[in-house]
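> Provided herewith is a single structure, encoded as structure tokens, for subsequent inquiry.
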Amino acid sequence: MCGIIAYTGRRQAAKVLYDGLTRLEYRGYDSAGIAVLNGWRLDCIKRAGRVCAIADARALAGTCGIGHTRWATHGGAEDKNAHPHVCGKFAVAHNGIIENYAALKAELSDMGHSFSSDTDSETVAHLLAASYRGDLLDAVGRTVGKLRGSFALCILCTDFPDAVVCVRQKSPLILGRAADGVLAASDVPALGGCGEICVLADSRIALLTPAGAELYSFSLARLPCVFAPNTLRASVCDKGGYAHFMRKEIEEEGAAVVRTAASFDEGAARRLCADGFSRVFLVGCGTAYHSALTGARLLEEGLRVPVRAELASEFCCRRPLLDRCSLVLAVSQSGETADTLAAGRLAKKYGARLAALTNAGHSSLSRLADHCFLTGAGVEVGVAATKTYAAQLAFFYAFYAFLRGQKAAYLQKFAAAHRKLLSREGEIRPLAAKLTGAQGVYFIGRGADHPSALEGSLKLREVSYLPGAGYAAGELKHGSIALMDGNTAVVAVATQKELKEKMKTSISEVRARGAFVVAVTPFDDIPADQVLSLPACPQRYYPLLTQVPLQLLAYHAAVCRGLDPDRPRHLAKSVTVE
Ligand code: M6R
């Protein structure tokens, strides 16, 4: 989490940095700040709140600077905890976690340093000041040698008015070369104007000056710095006439699914399967975990070996049965989720093969994995995963079809069904408004509908803050049915023919306790208070259809409550801390 950016060149830095921060805001929006070198002087404006809270920073003069947008880990969302942190001649913007910050802070305090924030990051500025003997790179080298944890850093020093030093260790950082200067940022959209980019590897230091970039190892050995063309268009952050990115991105799902199916890499799938394995783990977090649950069902049927989906954060809390015959497929739209990366590293440590399914080909995960599959969703800006979920499901359907020696023909037809579902938005809007009056909204499903129920619930909670949960419908009677009364609403996903009667029973049970029931179903005999009907499709593909009305329900519930679905509180798009 957190987004960092640096610029040095011929333009006024503050404007470039501010623009970049608005494109990185999805990574955290608790506070923002910009520091600019104006000759030997350092000017810094930083405040709690979104990037627009520092709009006045655009007026800062100077052609070299750094910026930060924060997702709070250590210390609240207050002005004092906003980055950049300044100590003496140094200003630092940090993304990641300095795990040994408490020990470092104690050491520095003993040396007479006093701290003005509650953050782990401020220790880096103090360490730099304490290590500096007139040689900037030497001070950086000595500082990073003392840091434990994950860190991407952008560093200014008033003795070097046109230089920025950038560091990468386990948190993403990408360099960009533009006609007027050099940038570094946590993600490519902030480098939209750059014709070329260079994704930094771990344990790298980059010295940026208007003349270009120099690359060093942590022991300050000079390394080649190779740039490649930046293929991402600058316009990707456009809402395209929609009120929110989330709504625009739901609209883009048809195309995302078709692109993902069309670009399914059969060669890579063949090479992966040729390795042979006796068990498979799919790991991911949040929405990626939910797509992994569907993926596990499909792959187990296709591969005929045990396939389990696991939460990446839990995978690392036990000693999974991993060996050379295991395959771990890590699912992550960003490819930067710390828990998923940790699960991937664990897999490699025990000799398992690691494959990745991600939407970001330049991500840490894609570089860590032995095999990388890409979804064709395009950049997703809204914090809620929508089109990337659809694209992950499409990948699993394509993989399943490949394993069966078939083509996933329905994926080509999905766009038409998707349009049909979107045309029912008029029905969903008032229903969403009704759900906002409930004290709890619970999602239930059985079998293939269970992951859809979990995902529908996550989406609603995430953007509308309505309390609730997703349950396996059969589990309700083992405890959670106690929650049901006249103030609760239940969204029942019922798409599987052989489970229909059991779902009808679960629905009757919650209605008998007074709950208002919405059924999401292709069947016309489900005993609900309201039905959101799904068009007919091959049964296996219903999870792909189901998520469309569920996402719209969440979106409209958020809008109805006056919330911004693109920037839910306490969240960030890319969760780069464990
Ligand atoms: O980038 P990732 O797919 O690894 O992200 C995982 C989760 O943080 C993410 O899916 C999160 O749950 C979404 N905000 C849900 O909409």
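Ordering of the structure tokens sets the chain letters (A, B, ...), residue numbers begin anew at 1 in every chain, and ligands are numbered from 1 in the order given.
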Please, which residues of range 151-329 of chain A, numbered as in this document, come out strand (DSSP E) from DSSP, as a CSV table (one decimal) with all heavy atoms, in the first residue's frame?

```
chain,number,residue,atom,x,y,z
A,151,PHE,N,10.6,-2.2,1.6
A,151,PHE,CA,10.6,-0.8,1.4
A,151,PHE,C,10.9,-0.4,0.0
A,151,PHE,O,11.8,-0.9,-0.7
A,151,PHE,CB,11.7,-0.1,2.4
A,151,PHE,CG,13.0,-0.8,2.4
A,151,PHE,CD1,14.0,-0.5,1.6
A,151,PHE,CD2,13.2,-1.8,3.4
A,151,PHE,CE1,15.3,-1.1,1.7
A,151,PHE,CE2,14.4,-2.5,3.4
A,151,PHE,CZ,15.5,-2.2,2.6
A,152,ALA,N,10.1,0.5,-0.5
A,152,ALA,CA,10.4,1.3,-1.7
A,152,ALA,C,10.6,2.7,-1.2
A,152,ALA,O,9.7,3.2,-0.5
A,152,ALA,CB,9.3,1.2,-2.8
A,153,LEU,N,11.7,3.4,-1.6
A,153,LEU,CA,12.0,4.7,-1.1
A,153,LEU,C,12.3,5.7,-2.2
A,153,LEU,O,12.9,5.3,-3.2
A,153,LEU,CB,13.2,4.6,-0.1
A,153,LEU,CG,13.2,3.7,1.0
A,153,LEU,CD1,14.6,3.5,1.6
A,153,LEU,CD2,12.2,4.2,2.1
A,154,CYS,N,11.8,6.9,-2.0
A,154,CYS,CA,12.3,8.0,-2.8
A,154,CYS,C,12.9,9.0,-1.9
A,154,CYS,O,12.3,9.4,-0.9
A,154,CYS,CB,11.1,8.7,-3.6
A,154,CYS,SG,10.4,7.6,-4.8
A,155,ILE,N,14.1,9.4,-2.2
A,155,ILE,CA,14.9,10.2,-1.2
A,155,ILE,C,15.5,11.5,-1.9
A,155,ILE,O,16.0,11.5,-3.0
A,155,ILE,CB,16.1,9.4,-0.7
A,155,ILE,CG1,15.6,8.1,0.0
A,155,ILE,CG2,17.0,10.2,0.2
A,155,ILE,CD1,16.7,7.0,0.1
A,156,LEU,N,15.3,12.6,-1.2
A,156,LEU,CA,15.9,13.9,-1.6
A,156,LEU,C,17.0,14.3,-0.6
A,156,LEU,O,16.8,14.0,0.6
A,156,LEU,CB,14.9,15.0,-1.7
A,156,LEU,CG,13.7,14.9,-2.7
A,156,LEU,CD1,12.8,16.1,-2.5
A,156,LEU,CD2,14.2,14.8,-4.1
A,157,CYS,N,18.0,15.0,-1.1
A,157,CYS,CA,19.0,15.6,-0.2
A,157,CYS,C,19.3,17.0,-0.7
A,157,CYS,O,19.6,17.1,-1.9
A,157,CYS,CB,20.3,14.7,-0.2
A,157,CYS,SG,21.6,15.4,0.8
A,164,VAL,N,17.4,12.5,-7.3
A,164,VAL,CA,16.6,11.7,-6.4
A,164,VAL,C,17.2,10.3,-6.3
A,164,VAL,O,17.6,9.8,-7.3
A,164,VAL,CB,15.1,11.5,-7.0
A,164,VAL,CG1,14.2,10.8,-5.9
A,164,VAL,CG2,14.5,12.8,-7.4
A,165,VAL,N,17.3,9.8,-5.1
A,165,VAL,CA,17.7,8.4,-5.0
A,165,VAL,C,16.5,7.5,-4.7
A,165,VAL,O,15.7,7.8,-3.8
A,165,VAL,CB,18.8,8.2,-3.9
A,165,VAL,CG1,19.2,6.7,-3.8
A,165,VAL,CG2,20.0,9.1,-4.2
A,166,CYS,N,16.4,6.4,-5.4
A,166,CYS,CA,15.2,5.5,-5.2
A,166,CYS,C,15.8,4.1,-4.8
A,166,CYS,O,16.8,3.7,-5.3
A,166,CYS,CB,14.4,5.3,-6.5
A,166,CYS,SG,13.8,6.9,-7.1
A,167,VAL,N,15.0,3.5,-4.0
A,167,VAL,CA,15.4,2.2,-3.5
A,167,VAL,C,14.3,1.2,-3.6
A,167,VAL,O,13.1,1.6,-3.3
A,167,VAL,CB,15.9,2.3,-2.0
A,167,VAL,CG1,16.3,0.9,-1.5
A,167,VAL,CG2,17.0,3.3,-1.8
A,168,ARG,N,14.6,0.0,-4.0
A,168,ARG,CA,13.5,-1.0,-4.0
A,168,ARG,C,13.9,-2.3,-3.2
A,168,ARG,O,15.0,-2.9,-3.5
A,168,ARG,CB,13.1,-1.5,-5.4
A,168,ARG,CG,12.2,-2.6,-5.3
A,168,ARG,CD,11.8,-3.2,-6.6
A,168,ARG,NE,11.1,-4.5,-6.2
A,168,ARG,CZ,10.0,-4.9,-6.8
A,168,ARG,NH1,9.5,-4.3,-7.8
A,168,ARG,NH2,9.5,-6.1,-6.5
A,169,GLN,N,13.1,-2.7,-2.2
A,169,GLN,CA,13.3,-4.0,-1.6
A,169,GLN,C,11.9,-4.5,-1.2
A,169,GLN,O,11.2,-4.0,-0.3
A,169,GLN,CB,14.2,-3.8,-0.3
A,169,GLN,CG,14.4,-5.0,0.5
A,169,GLN,CD,15.2,-6.1,-0.2
A,169,GLN,OE1,15.6,-5.9,-1.4
A,169,GLN,NE2,15.5,-7.2,0.5
A,174,ILE,N,9.1,1.4,-10.2
A,174,ILE,CA,9.3,1.4,-11.6
A,174,ILE,C,9.9,2.7,-12.0
A,174,ILE,O,9.3,3.8,-11.6
A,174,ILE,CB,8.0,1.0,-12.3
A,174,ILE,CG1,7.5,-0.3,-11.8
A,174,ILE,CG2,8.2,1.0,-13.8
A,174,ILE,CD1,6.0,-0.4,-11.9
A,175,LEU,N,10.9,2.7,-12.8
A,175,LEU,CA,11.5,3.9,-13.4
A,175,LEU,C,10.8,4.2,-14.7
A,175,LEU,O,10.5,3.3,-15.5
A,175,LEU,CB,13.0,3.8,-13.6
A,175,LEU,CG,13.8,3.3,-12.4
A,175,LEU,CD1,15.3,3.3,-12.8
A,175,LEU,CD2,13.6,4.2,-11.2
A,176,GLY,N,10.7,5.5,-15.0
A,176,GLY,CA,10.2,5.9,-16.3
A,176,GLY,C,11.0,7.0,-16.9
A,176,GLY,O,11.5,7.9,-16.2
A,177,ARG,N,11.2,6.9,-18.3
A,177,ARG,CA,12.0,7.9,-19.0
A,177,ARG,C,11.1,8.7,-19.9
A,177,ARG,O,10.4,8.1,-20.7
A,177,ARG,CB,13.1,7.3,-19.8
A,177,ARG,CG,14.3,8.1,-20.0
A,177,ARG,CD,15.6,7.4,-20.2
A,177,ARG,NE,15.5,6.3,-21.2
A,177,ARG,CZ,16.5,5.5,-21.4
A,177,ARG,NH1,17.7,5.6,-20.7
A,177,ARG,NH2,16.5,4.5,-22.3
A,181,GLY,N,12.5,14.4,-18.7
A,181,GLY,CA,13.1,14.0,-17.4
A,181,GLY,C,12.9,12.6,-17.0
A,181,GLY,O,12.5,11.8,-17.9
A,182,VAL,N,13.1,12.2,-15.8
A,182,VAL,CA,13.1,10.8,-15.3
A,182,VAL,C,12.1,10.8,-14.1
A,182,VAL,O,12.1,11.7,-13.3
A,182,VAL,CB,14.5,10.3,-14.9
A,182,VAL,CG1,14.5,8.8,-14.7
A,182,VAL,CG2,15.5,10.8,-15.8
A,183,LEU,N,11.3,9.7,-14.1
A,183,LEU,CA,10.4,9.5,-12.9
A,183,LEU,C,10.7,8.1,-12.3
A,183,LEU,O,11.3,7.2,-12.9
A,183,LEU,CB,9.0,9.5,-13.4
A,183,LEU,CG,8.4,10.9,-13.8
A,183,LEU,CD1,8.5,11.1,-15.3
A,183,LEU,CD2,6.9,10.9,-13.4
A,184,ALA,N,10.1,8.0,-11.1
A,184,ALA,CA,10.0,6.6,-10.5
A,184,ALA,C,8.6,6.6,-9.8
A,184,ALA,O,8.2,7.7,-9.3
A,184,ALA,CB,11.1,6.4,-9.5
A,185,ALA,N,8.0,5.5,-9.8
A,185,ALA,CA,6.6,5.4,-9.2
A,185,ALA,C,6.3,4.0,-8.8
A,185,ALA,O,6.9,3.0,-9.3
A,185,ALA,CB,5.6,6.0,-10.1
A,196,GLU,N,9.4,5.1,-22.0
A,196,GLU,CA,10.1,3.8,-21.6
A,196,GLU,C,10.1,3.6,-20.1
A,196,GLU,O,10.1,4.6,-19.3
A,196,GLU,CB,11.6,4.0,-22.0
A,196,GLU,CG,11.8,4.0,-23.5
A,196,GLU,CD,13.2,4.4,-23.8
A,196,GLU,OE1,13.7,5.3,-23.3
A,196,GLU,OE2,13.8,3.6,-24.6
A,197,ILE,N,10.0,2.4,-19.7
A,197,ILE,CA,10.1,2.1,-18.3
A,197,ILE,C,11.1,1.0,-18.0
A,197,ILE,O,11.5,0.3,-18.8
A,197,ILE,CB,8.7,1.6,-17.8
A,197,ILE,CG1,8.2,0.4,-18.5
A,197,ILE,CG2,7.6,2.7,-17.9
A,197,ILE,CD1,7.0,-0.3,-17.9
A,198,CYS,N,11.5,1.0,-16.7
A,198,CYS,CA,12.4,-0.1,-16.2
A,198,CYS,C,11.9,-0.5,-14.8
A,198,CYS,O,11.8,0.3,-13.9
A,198,CYS,CB,13.8,0.6,-16.1
A,198,CYS,SG,15.0,-0.4,-15.1
A,199,VAL,N,11.5,-1.8,-14.8
A,199,VAL,CA,11.0,-2.3,-13.5
A,199,VAL,C,12.2,-2.7,-12.6
A,199,VAL,O,13.0,-3.5,-13.0
A,199,VAL,CB,10.1,-3.5,-13.7
A,199,VAL,CG1,9.5,-4.1,-12.4
A,199,VAL,CG2,9.0,-3.2,-14.7
A,204,ARG,N,17.9,-3.0,-5.2
A,204,ARG,CA,18.4,-2.0,-6.1
A,204,ARG,C,18.3,-0.6,-5.6
A,204,ARG,O,17.3,-0.2,-5.0
A,204,ARG,CB,17.7,-2.1,-7.5
A,204,ARG,CG,17.9,-3.5,-8.2
A,204,ARG,CD,19.3,-3.6,-8.7
A,204,ARG,NE,19.5,-4.9,-9.4
A,204,ARG,CZ,19.9,-6.0,-8.8
A,204,ARG,NH1,20.2,-6.1,-7.5
A,204,ARG,NH2,20.0,-7.1,-9.5
A,205,ILE,N,19.3,0.2,-6.0
A,205,ILE,CA,19.3,1.6,-5.7
A,205,ILE,C,19.4,2.3,-7.1
A,205,ILE,O,20.3,1.9,-7.9
A,205,ILE,CB,20.5,2.0,-4.8
A,205,ILE,CG1,20.4,1.3,-3.5
A,205,ILE,CG2,20.6,3.5,-4.7
A,205,ILE,CD1,21.7,1.5,-2.6
A,206,ALA,N,18.6,3.3,-7.3
A,206,ALA,CA,18.7,4.0,-8.6
A,206,ALA,C,18.9,5.5,-8.3
A,206,ALA,O,18.3,6.1,-7.4
A,206,ALA,CB,17.4,3.9,-9.4
A,207,LEU,N,19.9,6.1,-9.0
A,207,LEU,CA,20.2,7.5,-8.9
A,207,LEU,C,19.6,8.2,-10.1
A,207,LEU,O,20.0,7.9,-11.2
A,207,LEU,CB,21.7,7.7,-8.8
A,207,LEU,CG,22.1,9.2,-8.8
A,207,LEU,CD1,21.7,10.0,-7.6
A,207,LEU,CD2,23.7,9.3,-8.9
A,208,LEU,N,18.6,9.1,-9.9
A,208,LEU,CA,18.0,9.8,-11.0
A,208,LEU,C,18.4,11.2,-11.0
A,208,LEU,O,18.4,11.9,-10.0
A,208,LEU,CB,16.4,9.8,-10.8
A,208,LEU,CG,15.7,8.5,-10.5
A,208,LEU,CD1,14.2,8.7,-10.5
A,208,LEU,CD2,16.1,7.4,-11.4
A,209,THR,N,18.8,11.6,-12.2
A,209,THR,CA,19.2,13.0,-12.5
A,209,THR,C,18.5,13.4,-13.8
A,209,THR,O,18.1,12.5,-14.5
A,209,THR,CB,20.7,13.3,-12.6
A,209,THR,OG1,21.2,12.5,-13.7
A,209,THR,CG2,21.4,12.8,-11.3
A,212,GLY,N,19.4,11.2,-16.7
A,212,GLY,CA,19.0,9.8,-16.8
A,212,GLY,C,19.1,9.0,-15.5
A,212,GLY,O,19.1,9.6,-14.4
A,213,ALA,N,19.2,7.7,-15.6
A,213,ALA,CA,19.2,6.9,-14.3
A,213,ALA,C,20.4,6.0,-14.3
A,213,ALA,O,20.8,5.5,-15.3
A,213,ALA,CB,17.9,6.0,-14.3
A,214,GLU,N,21.0,5.9,-13.1
A,214,GLU,CA,22.1,5.0,-12.9
A,214,GLU,C,21.6,4.0,-11.8
A,214,GLU,O,20.9,4.3,-10.9
A,214,GLU,CB,23.3,5.7,-12.3
A,214,GLU,CG,23.9,6.7,-13.2
A,214,GLU,CD,25.0,7.5,-12.6
A,214,GLU,OE1,25.4,7.2,-11.4
A,214,GLU,OE2,25.5,8.5,-13.2
A,215,LEU,N,22.0,2.7,-12.0
A,215,LEU,CA,21.5,1.6,-11.2
A,215,LEU,C,22.7,1.0,-10.4
A,215,LEU,O,23.8,0.8,-10.9
A,215,LEU,CB,20.9,0.6,-12.1
A,215,LEU,CG,19.9,-0.4,-11.4
A,215,LEU,CD1,18.7,0.3,-10.8
A,215,LEU,CD2,19.4,-1.4,-12.4
A,216,TYR,N,22.4,0.7,-9.1
A,216,TYR,CA,23.4,0.1,-8.2
A,216,TYR,C,22.8,-1.0,-7.4
A,216,TYR,O,21.6,-1.0,-7.2
A,216,TYR,CB,23.9,1.2,-7.2
A,216,TYR,CG,24.6,2.4,-7.9
A,216,TYR,CD1,23.9,3.5,-8.3
A,216,TYR,CD2,26.0,2.3,-8.2
A,216,TYR,CE1,24.5,4.5,-9.0
A,216,TYR,CE2,26.6,3.4,-8.8
A,216,TYR,CZ,25.8,4.5,-9.2
A,216,TYR,OH,26.4,5.6,-9.9
A,217,SER,N,23.7,-1.9,-7.0
A,217,SER,CA,23.2,-2.9,-6.0
A,217,SER,C,23.3,-2.3,-4.6
A,217,SER,O,23.8,-1.1,-4.5
A,217,SER,CB,24.2,-4.1,-6.0
A,217,SER,OG,25.5,-3.7,-5.5
A,222,ARG,N,27.9,-0.8,-9.6
A,222,ARG,CA,27.2,-0.3,-10.7
A,222,ARG,C,26.6,-1.4,-11.6
A,222,ARG,O,27.3,-2.4,-11.8
A,222,ARG,CB,28.1,0.6,-11.5
A,222,ARG,CG,27.4,1.3,-12.7
A,222,ARG,CD,26.8,2.6,-12.3
A,222,ARG,NE,26.0,3.2,-13.4
A,222,ARG,CZ,26.5,4.2,-14.1
A,222,ARG,NH1,27.6,4.8,-13.8
A,222,ARG,NH2,25.7,4.7,-15.1
A,223,LEU,N,25.3,-1.3,-12.0
A,223,LEU,CA,24.6,-2.3,-12.7
A,223,LEU,C,24.1,-1.7,-14.0
A,223,LEU,O,23.8,-0.5,-14.0
A,223,LEU,CB,23.5,-2.9,-11.9
A,223,LEU,CG,23.9,-3.6,-10.6
A,223,LEU,CD1,22.6,-3.8,-9.8
A,223,LEU,CD2,24.6,-4.9,-10.9
A,228,ALA,N,12.6,-0.4,-21.3
A,228,ALA,CA,11.8,-1.0,-22.4
A,228,ALA,C,10.6,-0.1,-22.7
A,228,ALA,O,10.2,0.7,-21.8
A,228,ALA,CB,11.3,-2.4,-21.9
A,229,PRO,N,10.0,-0.2,-23.9
A,229,PRO,CA,8.9,0.6,-24.2
A,229,PRO,C,7.7,0.5,-23.2
A,229,PRO,O,7.4,-0.6,-22.8
A,229,PRO,CB,8.5,0.2,-25.6
A,229,PRO,CG,9.7,-0.6,-26.2
A,229,PRO,CD,10.4,-1.1,-25.0
A,279,ARG,N,-0.4,-32.6,-6.6
A,279,ARG,CA,-1.4,-31.8,-5.9
A,279,ARG,C,-1.2,-30.3,-6.3
A,279,ARG,O,-0.1,-29.9,-6.6
A,279,ARG,CB,-1.3,-32.0,-4.4
A,279,ARG,CG,-0.1,-31.4,-3.7
A,279,ARG,CD,-0.2,-31.7,-2.2
A,279,ARG,NE,0.1,-33.1,-1.9
A,279,ARG,CZ,1.3,-33.5,-1.7
A,279,ARG,NH1,2.4,-32.7,-1.7
A,279,ARG,NH2,1.5,-34.8,-1.4
A,280,VAL,N,-2.3,-29.6,-6.2
A,280,VAL,CA,-2.3,-28.2,-6.6
A,280,VAL,C,-2.9,-27.3,-5.5
A,280,VAL,O,-3.9,-27.7,-5.0
A,280,VAL,CB,-3.1,-28.0,-7.9
A,280,VAL,CG1,-3.0,-26.5,-8.4
A,280,VAL,CG2,-2.5,-28.9,-9.0
A,281,PHE,N,-2.3,-26.2,-5.2
A,281,PHE,CA,-2.9,-25.2,-4.3
A,281,PHE,C,-3.1,-23.9,-5.1
A,281,PHE,O,-2.2,-23.5,-5.8
A,281,PHE,CB,-1.9,-24.9,-3.2
A,281,PHE,CG,-1.6,-26.1,-2.3
A,281,PHE,CD1,-0.5,-26.9,-2.5
A,281,PHE,CD2,-2.4,-26.4,-1.2
A,281,PHE,CE1,-0.2,-27.9,-1.6
A,281,PHE,CE2,-2.2,-27.4,-0.4
A,281,PHE,CZ,-1.1,-28.2,-0.6
A,282,LEU,N,-4.3,-23.4,-5.0
A,282,LEU,CA,-4.5,-22.0,-5.5
A,282,LEU,C,-4.5,-21.1,-4.3
A,282,LEU,O,-5.3,-21.3,-3.4
A,282,LEU,CB,-5.8,-22.0,-6.3
A,282,LEU,CG,-6.1,-23.0,-7.4
A,282,LEU,CD1,-7.3,-22.6,-8.2
A,282,LEU,CD2,-4.9,-23.0,-8.4
A,283,VAL,N,-3.7,-20.1,-4.4
A,283,VAL,CA,-3.7,-19.1,-3.2
A,283,VAL,C,-4.0,-17.7,-3.7
A,283,VAL,O,-3.7,-17.3,-4.8
A,283,VAL,CB,-2.3,-19.2,-2.5
A,283,VAL,CG1,-2.1,-20.5,-1.9
A,283,VAL,CG2,-1.2,-18.8,-3.5
A,284,GLY,N,-4.7,-17.0,-2.8
A,284,GLY,CA,-5.0,-15.6,-3.2
A,284,GLY,C,-5.7,-15.0,-2.0
A,284,GLY,O,-6.0,-15.6,-0.9
A,307,VAL,N,-7.0,-30.5,-5.9
A,307,VAL,CA,-6.7,-29.0,-6.0
A,307,VAL,C,-7.5,-28.3,-4.9
A,307,VAL,O,-8.7,-28.5,-4.7
A,307,VAL,CB,-7.3,-28.5,-7.4
A,307,VAL,CG1,-6.9,-27.0,-7.5
A,307,VAL,CG2,-6.7,-29.3,-8.6
A,308,ARG,N,-6.7,-27.5,-4.1
A,308,ARG,CA,-7.3,-26.8,-3.0
A,308,ARG,C,-7.1,-25.3,-3.2
A,308,ARG,O,-6.0,-24.9,-3.6
A,308,ARG,CB,-6.6,-27.2,-1.7
A,308,ARG,CG,-7.2,-28.3,-1.0
A,308,ARG,CD,-6.4,-28.7,0.1
A,308,ARG,NE,-6.5,-27.8,1.3
A,308,ARG,CZ,-6.2,-28.1,2.5
A,308,ARG,NH1,-5.7,-29.3,2.8
A,308,ARG,NH2,-6.3,-27.3,3.5
A,309,ALA,N,-8.1,-24.5,-2.9
A,309,ALA,CA,-7.9,-23.1,-2.8
A,309,ALA,C,-7.7,-22.7,-1.4
A,309,ALA,O,-8.4,-23.2,-0.5
A,309,ALA,CB,-9.2,-22.4,-3.3
A,310,GLU,N,-6.7,-21.8,-1.1
A,310,GLU,CA,-6.4,-21.4,0.2
A,310,GLU,C,-6.2,-19.9,0.3
A,310,GLU,O,-5.7,-19.3,-0.7
A,310,GLU,CB,-5.1,-22.1,0.7
A,310,GLU,CG,-5.4,-23.5,1.0
A,310,GLU,CD,-4.4,-24.1,2.1
A,310,GLU,OE1,-4.1,-23.3,3.0
A,310,GLU,OE2,-4.0,-25.2,2.0
A,311,LEU,N,-6.5,-19.3,1.4
A,311,LEU,CA,-6.2,-17.9,1.6
A,311,LEU,C,-4.7,-17.8,1.8
A,311,LEU,O,-4.1,-18.5,2.5
A,311,LEU,CB,-6.9,-17.4,2.9
A,311,LEU,CG,-8.4,-17.3,2.9
A,311,LEU,CD1,-8.9,-17.2,4.3
A,311,LEU,CD2,-8.8,-16.1,2.1
A,326,SER,N,4.4,-30.6,-6.3
A,326,SER,CA,3.3,-29.7,-6.0
A,326,SER,C,3.3,-28.5,-6.9
A,326,SER,O,4.4,-28.0,-7.3
A,326,SER,CB,3.3,-29.1,-4.6
A,326,SER,OG,3.7,-30.1,-3.7
A,327,LEU,N,2.2,-28.0,-7.3
A,327,LEU,CA,2.0,-26.8,-8.0
A,327,LEU,C,1.3,-25.8,-7.2
A,327,LEU,O,0.2,-26.1,-6.6
A,327,LEU,CB,1.3,-27.0,-9.3
A,327,LEU,CG,0.9,-25.7,-10.1
A,327,LEU,CD1,2.1,-25.0,-10.7
A,327,LEU,CD2,-0.1,-26.1,-11.2
A,328,VAL,N,1.8,-24.6,-7.0
A,328,VAL,CA,1.1,-23.5,-6.4
A,328,VAL,C,0.8,-22.5,-7.5
A,328,VAL,O,1.7,-22.0,-8.2
A,328,VAL,CB,1.9,-22.9,-5.2
A,328,VAL,CG1,1.2,-21.7,-4.7
A,328,VAL,CG2,2.1,-23.9,-4.1
A,329,LEU,N,-0.5,-22.2,-7.6
A,329,LEU,CA,-0.9,-21.1,-8.6
A,329,LEU,C,-1.4,-19.9,-7.7
A,329,LEU,O,-2.4,-20.0,-7.1
A,329,LEU,CB,-2.0,-21.7,-9.5
A,329,LEU,CG,-2.7,-20.6,-10.4
A,329,LEU,CD1,-1.7,-19.9,-11.3
A,329,LEU,CD2,-3.7,-21.3,-11.3
```
> Per residue of chain A within 7 Å of ligand 1, record the nearest atom pair and its distance in Å to one decimal, counting only C-alpha atoms and all ligand atoms, with rows in chain order and ascending residue number, as JSON lines.

```
{"residue": "A:Gly284", "atom": "CA", "partner": "ligand 1", "partner_atom_place_in_ligand_line": "4 (O)", "distance": 6.2}
{"residue": "A:Cys285", "atom": "CA", "partner": "ligand 1", "partner_atom_place_in_ligand_line": "6 (C)", "distance": 4.5}
{"residue": "A:Gly286", "atom": "CA", "partner": "ligand 1", "partner_atom_place_in_ligand_line": "12 (O)", "distance": 3.3}
{"residue": "A:Thr287", "atom": "CA", "partner": "ligand 1", "partner_atom_place_in_ligand_line": "10 (O)", "distance": 3.7}
{"residue": "A:Ala288", "atom": "CA", "partner": "ligand 1", "partner_atom_place_in_ligand_line": "3 (O)", "distance": 4.8}
{"residue": "A:Val331", "atom": "CA", "partner": "ligand 1", "partner_atom_place_in_ligand_line": "3 (O)", "distance": 6.5}
{"residue": "A:Ser332", "atom": "CA", "partner": "ligand 1", "partner_atom_place_in_ligand_line": "4 (O)", "distance": 3.5}
{"residue": "A:Gln333", "atom": "CA", "partner": "ligand 1", "partner_atom_place_in_ligand_line": "3 (O)", "distance": 3.8}
{"residue": "A:Ser334", "atom": "CA", "partner": "ligand 1", "partner_atom_place_in_ligand_line": "1 (O)", "distance": 3.6}
{"residue": "A:Gly335", "atom": "CA", "partner": "ligand 1", "partner_atom_place_in_ligand_line": "1 (O)", "distance": 5.7}
{"residue": "A:Glu336", "atom": "CA", "partner": "ligand 1", "partner_atom_place_in_ligand_line": "1 (O)", "distance": 6.2}
{"residue": "A:Thr337", "atom": "CA", "partner": "ligand 1", "partner_atom_place_in_ligand_line": "4 (O)", "distance": 4.5}
{"residue": "A:Thr340", "atom": "CA", "partner": "ligand 1", "partner_atom_place_in_ligand_line": "4 (O)", "distance": 6.5}
{"residue": "A:Val383", "atom": "CA", "partner": "ligand 1", "partner_atom_place_in_ligand_line": "14 (N)", "distance": 5.1}
{"residue": "A:Ala384", "atom": "CA", "partner": "ligand 1", "partner_atom_place_in_ligand_line": "16 (O)", "distance": 3.4}
{"residue": "A:Ala385", "atom": "CA", "partner": "ligand 1", "partner_atom_place_in_ligand_line": "16 (O)", "distance": 3.8}
{"residue": "A:Thr386", "atom": "CA", "partner": "ligand 1", "partner_atom_place_in_ligand_line": "16 (O)", "distance": 6.8}
{"residue": "A:Leu458", "atom": "CA", "partner": "ligand 1", "partner_atom_place_in_ligand_line": "15 (C)", "distance": 6.9}
{"residue": "A:Lys459", "atom": "CA", "partner": "ligand 1", "partner_atom_place_in_ligand_line": "16 (O)", "distance": 5.8}
{"residue": "A:Glu462", "atom": "CA", "partner": "ligand 1", "partner_atom_place_in_ligand_line": "16 (O)", "distance": 6.9}
{"residue": "A:Lys573", "atom": "CA", "partner": "ligand 1", "partner_atom_place_in_ligand_line": "14 (N)", "distance": 5.7}
{"residue": "A:Ser574", "atom": "CA", "partner": "ligand 1", "partner_atom_place_in_ligand_line": "1 (O)", "distance": 5.4}
{"residue": "A:Val575", "atom": "CA", "partner": "ligand 1", "partner_atom_place_in_ligand_line": "8 (O)", "distance": 5.7}
```
> Write out as JSON, numbers by chain the residues lying within 8 Å of Ile54 in chain A, counting only C-alpha atoms and excluding same-chain residues fewer than 6 positions away.
{"A": [32, 33, 45, 46, 47]}
